[in-house]
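Chemist: Structure file entry_1.cif (mmCIF, C-alpha atoms) is given on the next line.
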```
data_my_file
loop_
_atom_site.label_atom_id
_atom_site.label_comp_id
_atom_site.auth_asym_id
_atom_site.auth_seq_id
_atom_site.Cartn_x
_atom_site.Cartn_y
_atom_site.Cartn_z
CA MET O 1 0.00 0.00 0.00
CA LEU O 2 1.44 3.36 -1.08
CA GLU O 3 0.23 6.96 -1.01
CA ASP O 4 -0.35 9.31 -3.93
CA ALA O 5 0.67 12.97 -4.02
CA GLN O 6 -2.62 13.89 -2.36
CA GLY O 7 -1.73 11.75 0.66
CA LEU O 8 -4.35 9.15 -0.20
CA GLU O 9 -3.74 5.41 0.00
CA VAL O 10 -3.59 3.48 -3.27
CA THR O 11 -3.71 -0.30 -3.44
CA THR O 12 -0.43 -0.99 -5.18
CA ASP O 13 3.14 -1.82 -4.26
CA SER O 14 4.51 -0.35 -7.48
CA LYS O 15 6.30 2.97 -7.21
CA ALA O 16 6.04 3.31 -10.98
CA ALA O 17 2.28 2.92 -10.73
CA ILE O 18 2.13 5.59 -8.02
CA ALA O 19 4.20 7.90 -10.21
CA ALA O 20 1.67 7.33 -12.99
CA VAL O 21 -1.23 8.01 -10.61
CA ASN O 22 0.39 11.29 -9.58
CA ASN O 23 1.04 12.25 -13.19
CA PHE O 24 -2.56 11.48 -14.09
CA ILE O 25 -3.87 13.62 -11.24
CA ASP O 26 -1.80 16.53 -12.53
CA GLN O 27 -2.85 15.89 -16.13
CA ALA O 28 -6.53 15.69 -15.21
CA LEU O 29 -6.55 18.81 -13.05
CA SER O 30 -4.54 20.79 -15.62
CA TYR O 31 -6.52 19.43 -18.62
CA GLY O 32 -3.22 18.15 -19.96
CA LYS O 33 -2.76 16.49 -23.32
CA ASN O 34 -0.85 13.46 -22.01
CA ALA O 35 -3.46 11.91 -19.71
CA GLU O 36 -4.04 8.84 -21.86
CA ALA O 37 -0.32 8.10 -22.19
CA VAL O 38 0.14 8.39 -18.44
CA ILE O 39 -2.73 5.94 -17.85
CA ARG O 40 -1.07 3.40 -20.11
CA GLN O 41 2.18 3.75 -18.20
CA GLY O 42 0.40 3.12 -14.93
CA ILE O 43 -1.40 0.03 -16.18
CA ALA O 44 1.85 -1.35 -17.56
CA ALA O 45 3.48 -0.83 -14.16
CA ASP O 46 0.64 -2.54 -12.27
CA PRO O 47 -2.12 -4.18 -14.33
CA ASP O 48 -4.06 -4.92 -11.11
CA CYS O 49 -4.15 -1.34 -9.84
CA ALA O 50 -7.87 -0.61 -9.61
CA ILE O 51 -7.65 3.17 -9.34
CA ILE O 52 -5.63 3.48 -12.53
CA HIS O 53 -8.19 1.41 -14.42
CA ALA O 54 -10.96 3.54 -12.91
CA TYR O 55 -9.14 6.71 -13.99
CA ALA O 56 -8.87 5.22 -17.48
CA ALA O 57 -12.60 4.49 -17.58
CA ALA O 58 -13.40 8.01 -16.37
CA TYR O 59 -11.06 9.51 -18.95
CA TYR O 60 -12.77 7.68 -21.80
CA LEU O 61 -16.27 8.38 -20.52
CA SER O 62 -15.47 12.09 -20.41
CA GLN O 63 -14.79 12.05 -24.15
CA GLU O 64 -18.57 11.71 -24.58
CA ASN O 65 -18.50 9.59 -27.73
CA ALA O 66 -19.42 6.00 -28.54
CA GLN O 67 -15.93 4.80 -29.43
CA ALA O 68 -14.48 6.08 -26.16
CA TRP O 69 -17.34 4.56 -24.16
CA GLN O 70 -16.35 1.18 -25.58
CA GLN O 71 -12.75 1.83 -24.58
CA ALA O 72 -13.92 2.53 -21.03
CA LYS O 73 -15.63 -0.84 -20.53
CA PRO O 74 -12.62 -3.18 -20.10
CA HIS O 75 -10.97 -0.74 -17.70
CA LEU O 76 -14.11 -0.50 -15.61
CA GLU O 77 -14.41 -4.28 -15.53
CA ALA O 78 -10.77 -4.60 -14.46
CA ALA O 79 -11.31 -2.09 -11.66
CA GLN O 80 -14.47 -3.83 -10.46
CA GLN O 81 -12.67 -7.17 -10.27
CA GLN O 82 -10.39 -5.65 -7.62
CA LEU O 83 -13.19 -4.27 -5.41
CA PRO O 84 -12.80 -6.78 -2.53
CA ARG O 85 -9.11 -5.96 -1.97
CA ILE O 86 -8.93 -2.18 -2.37
CA THR O 87 -9.46 0.72 0.05
CA LYS O 88 -12.87 2.19 0.86
CA ARG O 89 -12.08 5.36 -1.07
CA GLU O 90 -11.06 3.38 -4.14
CA GLN O 91 -14.22 1.28 -3.87
CA LEU O 92 -16.40 4.38 -3.77
CA TYR O 93 -14.59 5.86 -6.74
CA VAL O 94 -14.90 2.71 -8.85
CA GLN O 95 -18.60 2.54 -8.00
CA ALA O 96 -19.04 6.19 -8.99
CA ILE O 97 -17.49 5.59 -12.40
CA ALA O 98 -19.60 2.44 -12.84
CA ALA O 99 -22.74 4.47 -12.11
CA TRP O 100 -21.66 7.08 -14.67
CA ALA O 101 -21.13 4.36 -17.27
CA LYS O 102 -24.70 3.16 -16.68
CA GLY O 103 -26.13 6.65 -16.97
CA ALA O 104 -27.06 6.72 -13.28
CA ILE O 105 -25.74 10.24 -12.81
CA ASP O 106 -27.63 10.79 -9.58
CA ARG O 107 -25.87 7.82 -7.98
CA ALA O 108 -22.49 8.87 -9.39
CA ILE O 109 -22.92 12.31 -7.85
CA ALA O 110 -23.92 10.88 -4.49
CA LEU O 111 -20.79 8.73 -4.44
CA HIS O 112 -18.52 11.65 -5.35
CA GLU O 113 -20.11 13.69 -2.58
CA THR O 114 -19.40 10.86 -0.14
CA ILE O 115 -15.78 10.65 -1.28
CA THR O 116 -15.21 14.37 -0.92
CA GLN O 117 -16.83 14.31 2.52
CA LYS O 118 -14.69 11.44 3.80
CA PHE O 119 -11.56 12.08 1.74
CA PRO O 120 -11.41 15.84 1.05
CA ARG O 121 -7.95 15.58 -0.50
CA ASP O 122 -9.34 13.63 -3.46
CA LEU O 123 -9.53 16.42 -6.00
CA ILE O 124 -10.14 14.07 -8.92
CA SER O 125 -13.44 13.14 -7.32
CA VAL O 126 -14.21 16.83 -6.76
CA GLN O 127 -13.49 17.57 -10.41
CA GLN O 128 -15.76 14.80 -11.62
CA GLY O 129 -18.52 15.85 -9.26
CA GLN O 130 -18.28 19.34 -10.77
CA TYR O 131 -18.41 17.82 -14.24
CA HIS O 132 -21.73 16.13 -13.52
CA TYR O 133 -23.22 19.17 -11.82
CA PHE O 134 -22.16 21.29 -14.78
CA TYR O 135 -24.13 19.17 -17.23
CA LEU O 136 -27.15 19.13 -14.92
CA GLY O 137 -27.06 22.91 -14.62
CA ASP O 138 -26.74 22.73 -10.82
CA GLN O 139 -24.48 25.71 -10.23
CA GLU O 140 -24.86 25.88 -6.46
CA ARG O 141 -23.66 22.33 -5.89
CA LEU O 142 -20.99 22.72 -8.57
CA LEU O 143 -19.56 25.39 -6.30
CA SER O 144 -20.23 23.67 -2.98
CA ILE O 145 -18.49 20.38 -3.80
CA ALA O 146 -15.25 22.29 -4.44
CA LYS O 147 -15.61 24.94 -1.79
CA LYS O 148 -16.21 22.48 1.04
CA VAL O 149 -12.78 20.88 0.61
CA LEU O 150 -10.86 24.15 0.35
CA PRO O 151 -9.71 24.19 4.01
CA GLU O 152 -7.92 20.86 3.46
CA ASN O 153 -6.28 21.99 0.18
CA LEU O 154 -5.20 25.58 0.74
CA GLU O 155 -1.90 24.94 -1.05
CA ASN O 156 -3.50 23.54 -4.21
CA HIS O 157 -3.96 26.12 -6.97
CA TYR O 158 -6.05 23.72 -9.05
CA LEU O 159 -8.77 23.79 -6.42
CA TYR O 160 -8.74 27.59 -6.40
CA GLY O 161 -9.47 27.48 -10.13
CA MET O 162 -12.30 25.00 -9.58
CA VAL O 163 -13.82 27.18 -6.87
CA ALA O 164 -13.39 30.25 -9.09
CA PHE O 165 -15.43 28.66 -11.86
CA GLY O 166 -18.14 27.64 -9.39
CA LEU O 167 -18.31 31.18 -8.02
CA GLU O 168 -18.62 32.61 -11.52
CA GLN O 169 -21.43 30.21 -12.39
CA CYS O 170 -23.22 31.38 -9.22
CA HIS O 171 -22.82 35.02 -10.36
CA ARG O 172 -20.38 35.84 -7.57
CA LEU O 173 -18.12 37.55 -10.05
CA GLN O 174 -15.82 39.60 -7.82
CA GLU O 175 -15.02 36.57 -5.66
CA ALA O 176 -14.55 34.40 -8.75
CA GLU O 177 -12.04 36.76 -10.32
CA ALA O 178 -10.09 37.07 -7.08
CA MET O 179 -9.92 33.30 -6.69
CA GLY O 180 -8.91 32.78 -10.33
CA ARG O 181 -6.15 35.37 -10.02
CA ILE O 182 -4.87 33.72 -6.83
CA ALA O 183 -4.68 30.39 -8.65
CA THR O 184 -2.82 31.97 -11.55
CA SER O 185 -0.39 33.73 -9.23
CA MET O 186 0.33 30.39 -7.54
CA ASN O 187 0.88 28.71 -10.90
CA ARG O 188 0.75 30.55 -14.21
CA ASP O 189 0.09 27.24 -16.01
CA ASP O 190 -3.45 26.79 -14.69
CA PRO O 191 -5.74 27.01 -17.73
CA TRP O 192 -8.96 26.39 -15.80
CA ALA O 193 -8.25 29.39 -13.60
CA HIS O 194 -7.56 31.49 -16.72
CA HIS O 195 -10.88 30.27 -18.07
CA ALA O 196 -12.80 31.25 -14.92
CA VAL O 197 -11.47 34.81 -15.03
CA ALA O 198 -12.30 35.00 -18.75
CA HIS O 199 -15.92 34.20 -17.92
CA VAL O 200 -16.02 37.03 -15.39
CA MET O 201 -14.61 39.59 -17.79
CA GLU O 202 -16.96 38.49 -20.55
CA THR O 203 -19.98 38.74 -18.27
CA GLN O 204 -18.93 42.24 -17.19
CA GLY O 205 -18.26 43.37 -20.76
CA ARG O 206 -14.55 43.96 -20.09
CA VAL O 207 -13.58 43.06 -23.64
CA ASP O 208 -10.16 44.69 -23.91
CA GLU O 209 -9.13 43.37 -20.48
CA GLY O 210 -10.35 39.91 -21.43
CA ILE O 211 -8.28 39.86 -24.59
CA ALA O 212 -5.20 41.08 -22.73
CA TRP O 213 -5.69 38.55 -19.91
CA MET O 214 -6.18 35.52 -22.11
CA GLU O 215 -3.64 36.34 -24.81
CA SER O 216 -0.98 37.00 -22.16
CA LEU O 217 -1.46 33.43 -20.90
CA ALA O 218 -2.15 31.64 -24.16
CA ASP O 219 1.40 30.31 -24.50
CA THR O 220 0.75 28.02 -21.52
CA TRP O 221 -2.13 26.28 -23.28
CA GLU O 222 0.18 24.34 -25.57
CA ASN O 223 0.20 21.68 -22.87
CA CYS O 224 -3.61 21.46 -22.76
CA ASN O 225 -5.81 18.82 -24.30
CA SER O 226 -7.69 19.95 -27.38
CA MET O 227 -10.92 20.57 -25.45
CA LEU O 228 -9.59 23.31 -23.19
CA TYR O 229 -7.07 24.58 -25.73
CA THR O 230 -9.80 25.25 -28.29
CA HIS O 231 -12.26 26.42 -25.64
CA ASN O 232 -9.94 29.05 -24.20
CA TRP O 233 -9.27 30.35 -27.69
CA TRP O 234 -13.04 30.27 -28.25
CA HIS O 235 -13.38 32.73 -25.37
CA ILE O 236 -10.82 35.01 -27.00
CA ALA O 237 -12.82 34.81 -30.23
CA LEU O 238 -15.96 35.89 -28.34
CA TYR O 239 -14.17 39.03 -27.17
CA TYR O 240 -13.25 39.93 -30.74
CA LEU O 241 -16.79 39.19 -31.82
CA GLU O 242 -17.97 41.81 -29.34
CA GLN O 243 -15.74 44.23 -31.23
CA SER O 244 -17.43 43.11 -34.48
CA ASN O 245 -14.01 42.05 -35.75
CA SER O 246 -15.27 39.19 -37.91
CA GLU O 247 -11.97 38.87 -39.78
CA LYS O 248 -10.14 38.18 -36.52
CA VAL O 249 -12.82 35.79 -35.28
CA LEU O 250 -12.75 33.76 -38.49
CA ALA O 251 -8.96 33.69 -38.34
CA LEU O 252 -9.10 32.34 -34.79
CA TYR O 253 -11.70 29.77 -35.85
CA ASP O 254 -9.46 28.56 -38.68
CA SER O 255 -6.21 28.59 -36.70
CA HIS O 256 -7.21 27.62 -33.15
CA VAL O 257 -10.87 26.81 -32.49
CA TRP O 258 -11.35 24.41 -35.39
CA GLY O 259 -7.88 24.48 -36.86
CA ARG O 260 -6.35 22.87 -33.74
CA ALA O 261 -9.40 20.78 -32.85
CA GLN O 262 -9.55 17.03 -32.71
CA LYS O 263 -12.06 16.93 -35.53
CA TYR O 264 -14.02 13.96 -34.17
CA SER O 265 -14.06 15.26 -30.58
CA PRO O 266 -17.62 16.17 -29.51
CA LYS O 267 -16.57 19.03 -27.25
CA ASP O 268 -14.33 20.52 -29.94
CA GLN O 269 -17.16 20.22 -32.44
CA VAL O 270 -19.61 21.96 -30.12
CA GLY O 271 -17.30 24.92 -29.63
CA ALA O 272 -16.79 25.34 -33.37
CA ILE O 273 -20.53 25.10 -34.07
CA ALA O 274 -21.31 27.67 -31.40
CA LEU O 275 -18.79 30.12 -32.83
CA LEU O 276 -20.09 29.80 -36.40
CA LEU O 277 -23.63 30.34 -35.20
CA ARG O 278 -22.65 33.42 -33.22
CA LEU O 279 -20.93 34.85 -36.29
CA GLU O 280 -24.02 34.34 -38.42
CA LEU O 281 -26.29 35.86 -35.79
CA ARG O 282 -24.12 38.98 -36.05
CA GLY O 283 -24.62 38.98 -39.80
CA PHE O 284 -21.21 37.68 -40.84
CA ASP O 285 -20.66 35.22 -43.67
CA VAL O 286 -18.92 31.99 -42.61
CA GLY O 287 -18.55 30.62 -46.14
CA GLU O 288 -18.40 26.84 -46.50
CA ARG O 289 -17.45 26.20 -42.90
CA TRP O 290 -20.80 24.60 -41.98
CA GLN O 291 -20.36 22.03 -44.73
CA LYS O 292 -16.75 21.28 -43.78
CA LEU O 293 -17.48 20.90 -40.07
CA SER O 294 -20.65 18.86 -40.49
CA ALA O 295 -18.75 16.19 -42.43
CA TYR O 296 -17.39 15.04 -39.05
CA LEU O 297 -20.79 14.73 -37.35
CA LEU O 298 -21.87 11.33 -38.66
CA PRO O 299 -20.70 9.51 -35.48
CA ARG O 300 -22.85 11.88 -33.39
CA LEU O 301 -26.23 10.92 -34.90
CA HIS O 302 -27.05 8.18 -32.41
CA GLU O 303 -24.80 8.91 -29.41
CA HIS O 304 -26.88 11.34 -27.37
CA ALA O 305 -24.21 11.71 -24.72
CA LEU O 306 -25.47 15.09 -23.55
CA PRO O 307 -28.57 17.05 -24.59
CA PHE O 308 -26.52 20.25 -24.65
CA GLN O 309 -24.29 18.76 -27.33
CA ASP O 310 -27.13 17.35 -29.42
CA LEU O 311 -28.69 20.80 -29.76
CA HIS O 312 -25.51 22.01 -31.44
CA TYR O 313 -25.14 19.01 -33.74
CA ILE O 314 -28.69 19.14 -35.03
CA TYR O 315 -28.41 22.83 -35.82
CA ALA O 316 -25.17 22.31 -37.74
CA LEU O 317 -26.69 19.47 -39.78
CA ALA O 318 -29.63 21.69 -40.72
CA LYS O 319 -27.37 24.61 -41.67
CA ALA O 320 -25.18 22.35 -43.79
CA GLY O 321 -28.20 20.96 -45.61
CA ARG O 322 -27.50 17.37 -44.57
CA THR O 323 -31.17 16.44 -44.50
CA ASP O 324 -30.67 12.65 -44.40
CA TRP O 325 -28.40 12.84 -41.36
CA LEU O 326 -30.72 15.39 -39.78
CA GLU O 327 -33.73 13.11 -40.13
CA GLN O 328 -31.81 10.17 -38.71
CA MET O 329 -30.65 12.16 -35.72
CA TRP O 330 -34.08 13.63 -35.08
CA LEU O 331 -35.72 10.19 -34.95
CA SER O 332 -32.87 8.87 -32.82
CA ILE O 333 -33.20 11.68 -30.27
CA GLN O 334 -36.90 10.94 -29.82
CA GLN O 335 -36.26 7.23 -29.34
CA HIS O 336 -33.43 7.93 -26.91
CA ALA O 337 -35.65 10.20 -24.82
CA LEU O 338 -38.00 7.28 -24.17
CA THR O 339 -35.29 4.91 -22.98
CA VAL O 340 -32.87 7.12 -21.05
CA ASN O 341 -32.41 6.90 -17.27
CA PRO O 342 -35.48 8.41 -15.51
CA PHE O 343 -33.28 10.91 -13.64
CA VAL O 344 -32.54 12.78 -16.89
CA ARG O 345 -35.52 11.71 -19.02
CA ARG O 346 -37.46 14.91 -18.40
CA HIS O 347 -34.47 16.93 -19.55
CA TRP O 348 -34.77 15.23 -22.92
CA THR O 349 -38.54 15.12 -23.33
CA GLU O 350 -39.50 18.48 -21.85
CA ILE O 351 -36.50 20.64 -22.79
CA THR O 352 -34.19 19.11 -25.38
CA ILE O 353 -36.76 17.91 -27.93
CA PRO O 354 -38.75 21.17 -28.14
CA CYS O 355 -35.52 23.17 -28.11
CA ALA O 356 -34.18 21.01 -30.95
CA ARG O 357 -37.33 21.73 -32.95
CA GLY O 358 -36.76 25.43 -32.41
CA MET O 359 -33.10 25.27 -33.39
CA VAL O 360 -33.84 23.38 -36.61
CA ALA O 361 -36.65 25.82 -37.41
CA HIS O 362 -34.24 28.74 -37.01
CA ALA O 363 -31.63 27.06 -39.20
CA ASN O 364 -34.30 26.60 -41.87
CA GLY O 365 -35.57 30.18 -41.62
CA ASP O 366 -38.91 29.30 -40.00
CA TRP O 367 -38.88 32.16 -37.51
CA LEU O 368 -42.40 31.65 -36.16
CA GLU O 369 -41.74 27.99 -35.34
CA ALA O 370 -38.39 28.89 -33.80
CA VAL O 371 -39.99 31.41 -31.44
CA ALA O 372 -42.89 29.10 -30.59
CA LYS O 373 -40.61 26.20 -29.60
CA LEU O 374 -37.77 28.11 -27.95
CA GLN O 375 -39.73 30.58 -25.83
CA PRO O 376 -41.24 28.03 -23.37
CA VAL O 377 -37.94 26.21 -22.72
CA LEU O 378 -35.56 29.15 -22.35
CA PRO O 379 -36.15 29.49 -18.58
CA ARG O 380 -35.25 25.80 -18.10
CA LEU O 381 -32.17 25.52 -20.29
CA SER O 382 -29.82 25.54 -17.31
CA GLN O 383 -31.03 22.00 -16.60
CA ILE O 384 -29.27 20.63 -19.68
CA GLY O 385 -25.88 21.98 -18.70
CA GLY O 386 -23.32 24.27 -20.24
CA SER O 387 -22.01 27.52 -18.81
CA HIS O 388 -23.85 30.82 -18.88
CA ALA O 389 -21.65 31.91 -21.78
CA GLN O 390 -22.56 28.77 -23.72
CA ARG O 391 -26.28 28.67 -22.96
CA VAL O 392 -26.88 32.32 -23.81
CA LEU O 393 -26.49 31.23 -27.44
CA PHE O 394 -29.99 29.72 -27.40
CA GLU O 395 -31.42 33.00 -26.15
CA HIS O 396 -29.61 34.79 -28.98
CA VAL O 397 -31.17 32.40 -31.49
CA TYR O 398 -34.62 33.08 -30.03
CA ARG O 399 -34.13 36.85 -30.11
CA ASP O 400 -32.85 36.70 -33.67
CA ALA O 401 -35.98 34.84 -34.79
CA LEU O 402 -38.18 37.32 -32.90
CA LEU O 403 -36.47 40.30 -34.54
CA ARG O 404 -36.87 38.75 -37.96
CA ILE O 405 -40.59 38.28 -37.36
CA GLN O 406 -40.90 41.90 -36.28
CA LYS O 407 -39.01 43.09 -39.37
CA GLN O 408 -41.21 41.00 -41.63
CA SER O 409 -44.29 42.46 -39.98
CA GLN O 410 -42.99 46.01 -40.49
CA ILE O 411 -42.20 45.33 -44.13
CA TYR O 412 -45.67 43.85 -44.66
CA PHE O 413 -47.29 46.81 -42.93
CA LEU O 414 -45.35 49.36 -44.99
CA GLY O 415 -46.12 47.42 -48.16
CA THR O 416 -49.84 47.48 -47.49
CA VAL O 417 -49.74 51.22 -46.82
CA LYS O 418 -47.92 51.93 -50.10
CA THR O 419 -50.24 49.76 -52.17
CA GLY O 420 -53.40 51.00 -50.47
CA LYS O 421 -54.31 47.48 -49.36
CA LEU O 422 -54.40 48.41 -45.67
CA ALA O 423 -57.89 49.91 -45.96
CA ALA O 424 -59.21 46.65 -47.30
CA ILE O 425 -57.83 44.56 -44.45
#
```
Kindly present the structure from the file in structure tokens form.
Modeler:
Amino acid sequence: MLEDAQGLEVTTDSKAAIAAVNNFIDQALSYGKNAEAVIRQGIAADPDCAIIHAYAAAYYLSQENAQAWQQAKPHLEAAQQQLPRITKREQLYVQAIAAWAKGAIDRAIALHETITQKFPRDLISVQQGQYHYFYLGDQERLLSIAKKVLPENLENHYLYGMVAFGLEQCHRLQEAEAMGRIATSMNRDDPWAHHAVAHVMETQGRVDEGIAWMESLADTWENCNSMLYTHNWWHIALYYLEQSNSEKVLALYDSHVWGRAQKYSPKDQVGAIALLLRLELRGFDVGERWQKLSAYLLPRLHEHALPFQDLHYIYALAKAGRTDWLEQMWLSIQQHALTVNPFVRRHWTEITIPCARGMVAHANGDWLEAVAKLQPVLPRLSQIGGSHAQRVLFEHVYRDALLRIQKQSQIYFLGTVKTGKLAAI
């Protein structure tokens, strides 16, 4: 029995395995690009180390795609085989990942809460608890699961960044910025802390400061995985969009947001889709980018990993004119909504499906249908996850459709006045 860098017992006698565990913890908390390689090293050092297999399963599940889910299965099975001989903390963690794999998110969350209560140094469990709360739109508990372990981790800058993001999501902006800056002062290479401060500045309309903050730290993101690398550059692009600098935004899309994306990564795809849509809502021409991006969406048609993601995919398919894929995905979403775990079923049936109808209607220029479907669900969109900065996109789509209806009505009214038809109405 050895201890990891967090001071937590790990069931292994291999120092090489412990080194891999410690490297994985750092990679996970820093959103590093070498997490998968580190996992492989750990398994090679000790094939019976349950926590490494559980970390592998969690890593693949977080990719939110069918191929990665299949990769997670053997690691989860290997971890579960070791349950009788491992520590209580490791047992709880393995069970939490098993619940996630089954779609029992409520049970996974409960287990992560138990871990963080009994073992407050386990920041990997904190991070994954935040992940689940994020995609359930539960901002208060996203903050609380990190904040409650802060007294036991005052030296850990990664936790400061996690708390900062939770504070921002709870609209406690001044506290969030202070916490994010503390994390960055403790370690400049903390991309999640950079990201939290970027959210604050965006919310407060501090565009020039946001650009300066993020671009001054962007060199450190070369060590990030593609998800956070592209996402942090996405935030920079949003600042330039506020300046109506479409040339710069498109350049960032081509060079960083999509240009450096893992093209088949769901989270990278979602960020690119969201940026193209924002550009079009501002009246800018994105050229053939919808068609090029949508070519990579075929694997997404039947996955339904997260409702938040599906709303982006289905819009992109409609904009690209891929009607066959769109019809397949639409039918698949409806079938999925009937079979999904009851804990999240209402999110699909009551929010995602009507919102998807509205998004497709907007993509097809049916403004009345877009308004009719989007208006009732806007107040509940937090329940399908995403940050404030991400979810506001759906409100922008709704407002765009509403403005177009109003303009059409004005044009019709003026036309009837000019032709003298108004008197006959």
Chemist: Identify the residues around (-18.9, 13.5, -11.3) within a radius of 10 Å, measuring from all atoms listed in the file in the coordinates stated by the file, and give them as JSON, numbers by chain.
Modeler: {"O": [58, 62, 93, 96, 97, 99, 100, 105, 106, 107, 108, 109, 110, 111, 112, 113, 124, 125, 126, 127, 128, 129, 130, 131, 132, 133, 134, 135, 142]}
Chemist: Can you turn the PyMOL selection byres ((chain O and resi 72) around 8) into a concrete residue list for this file, as a list in words?
Modeler: Ala56, Ala57, Ala58, Tyr59, Tyr60, Leu61, Ala68, Trp69, Gln70, Gln71, Lys73, Pro74, His75 and Leu76 of chain O
Chemist: So that I can see what lies close to Ile211 in chain O, please list as a ChimeraX atom specification the residues with an atom at most 12 Å from it, counting only C-alpha atoms and leaving out residues fewer than 5 positions away in the same chain.
Modeler: /O:194-195,197-199,201-202,205-206,216-218,232-243
Chemist: Could you expand the PyMOL selection byres ((chain O and resi 286-300) around 9) into the explicit residues it covers here, written as a ChimeraX atom specification?
Modeler: /O:65-66,250,258,263-264,266,269,272-273,276-277,279-280,284-285,301-305,310,313,316-317,319-322,325,329
Chemist: With distances taken over all atoms listed in the file, which residue among O:Glu327, O:Asp48, O:Glu369, O:Asp189 lies nearest Gln81 in chain O?
Modeler: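 Checking each candidate against Gln81 in chain O, we get O:Asp48 as the closest.
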Chemist: List the residues selected by the PyMOL selection byres ((chain O and resi 381-388) around 8) in the file shown, writing them as a list in words.
Modeler: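 The output of the PyMOL selection byres ((chain O and resi 381-388) around 8) on this file is Tyr133, Phe134, Tyr135, Leu136, Gly137, Asp138, Gln169, Leu306, Pro307, Phe308, His347, Ile351, Thr352, Val377, Leu378, Pro379, Arg380, Ala389, Gln390, Arg391 and Val392 of chain O.
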Chemist: Might you pull out every residue within 12 Å of Lys148 in chain O, with all atoms listed in the file counted and same-chain residues fewer than 3 positions away left off, and present them as a list in words?
Modeler: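 Skipping anything fewer than 3 positions along the chain leaves Glu113, Thr116, Gln117, Lys118, Phe119, Pro120, Arg121, Leu123, Val126, Glu140, Arg141, Leu142, Leu143, Ser144, Ile145, Pro151, Glu152, Asn153, Leu154, Leu159, Tyr160, Met162, Val163 and Gly166 of chain O.
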Chemist: Expressed in Å to a single decimal, how great is the separation between CA of Cys170 in chain O and CA of Gln204 in chain O?
Modeler: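 That distance, rounded to one decimal, is 14.1 Å.
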Chemist: Please indicate the distance in Å from CA of Val249 in chain O to CA of Glu215 in chain O, rounded to one decimal place.
Modeler: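 Those two atoms sit 13.9 Å apart.
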Chemist: Could you tell me how far CA of Gly103 in chain O lies from CA of Ala337 in chain O, in Å and to one decimal?
Modeler: 12.8 Å
Chemist: From the list O:His396, O:Arg40, O:Lys33, O:His336, which residue is nearest Arg278 in chain O when using only C-alpha atoms?
Modeler: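 Between O:His396, O:Arg40, O:Lys33, O:His336, the residue approaching Arg278 in chain O most closely is O:His396.
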Chemist: So which residues touch Lys267 in chain O within 9 Å, counting all atoms listed in the file, skipping near sequence neighbours fewer than 4 positions away, as a list in words?
Modeler: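 Close residues of Lys267 in chain O: Gln63, Glu64, Ser226, Met227, His231, Gly271, Ala272 and Gln309 of chain O.
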Chemist: With a distance cut-off of 10 Å and only C-alpha atoms, select the neighbouring residues of Ala372 in chain O, excluding the residue or stretch itself and same-chain residues fewer than 3 positions from it, and output the selection as a list in words.
Modeler: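 Near Ala372 in chain O, the qualifying residues are Pro354, Cys355, Arg357, Gly358, Ala361, Trp367, Leu368, Glu369, Gln375, Pro376, Val377, Tyr398, Ala401 and Leu402 of chain O.
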Chemist: From (-29.9, 23.8, -38.0), in the file's coordinates, out to 7 Å: which residues are reached, counting all atoms listed in the file? Answer as a ChimeraX atom specification.
Modeler: /O:314-319,359-360,362-364
Chemist: Generate the output file for the selected residues, C-alpha atoms, as a PDB file, keeping the file's coordinate frame.
Modeler:
```pdb
ATOM      1  CA  ILE O 314     -28.690  19.140 -35.030  1.00  0.00           C
ATOM      2  CA  TYR O 315     -28.410  22.830 -35.820  1.00  0.00           C
ATOM      3  CA  ALA O 316     -25.170  22.310 -37.740  1.00  0.00           C
ATOM      4  CA  LEU O 317     -26.690  19.470 -39.780  1.00  0.00           C
ATOM      5  CA  ALA O 318     -29.630  21.690 -40.720  1.00  0.00           C
ATOM      6  CA  LYS O 319     -27.370  24.610 -41.670  1.00  0.00           C
ATOM      7  CA  MET O 359     -33.100  25.270 -33.390  1.00  0.00           C
ATOM      8  CA  VAL O 360     -33.840  23.380 -36.610  1.00  0.00           C
ATOM      9  CA  HIS O 362     -34.240  28.740 -37.010  1.00  0.00           C
ATOM     10  CA  ALA O 363     -31.630  27.060 -39.200  1.00  0.00           C
ATOM     11  CA  ASN O 364     -34.300  26.600 -41.870  1.00  0.00           C
TER      12      ASN O 364
END
```
Chemist: Using only C-alpha atoms, find the one residue out of O:Ala104, O:Ala50, O:Ala261, O:Ala212 that sits nearest to Pro84 in chain O.
Modeler: O:Ala50
Chemist: Go through O:Lys407, O:Arg346, O:His312, O:Arg85 one by one, measure the shortest atom-to-atom distance of each to Phe394 in chain O using only C-alpha atoms, and give the residue with the smallest value.
Modeler: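 The closest residue to Phe394 in chain O is O:His312.
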Chemist: Would you please work out which residue, of O:Thr11, O:Leu338, O:Asp254, O:Ala146, is nearest to Leu167 in chain O when using only C-alpha atoms?
Modeler: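 Checking each of O:Thr11, O:Leu338, O:Asp254, O:Ala146 against Leu167 in chain O, counting only C-alpha atoms, the winner is O:Ala146.
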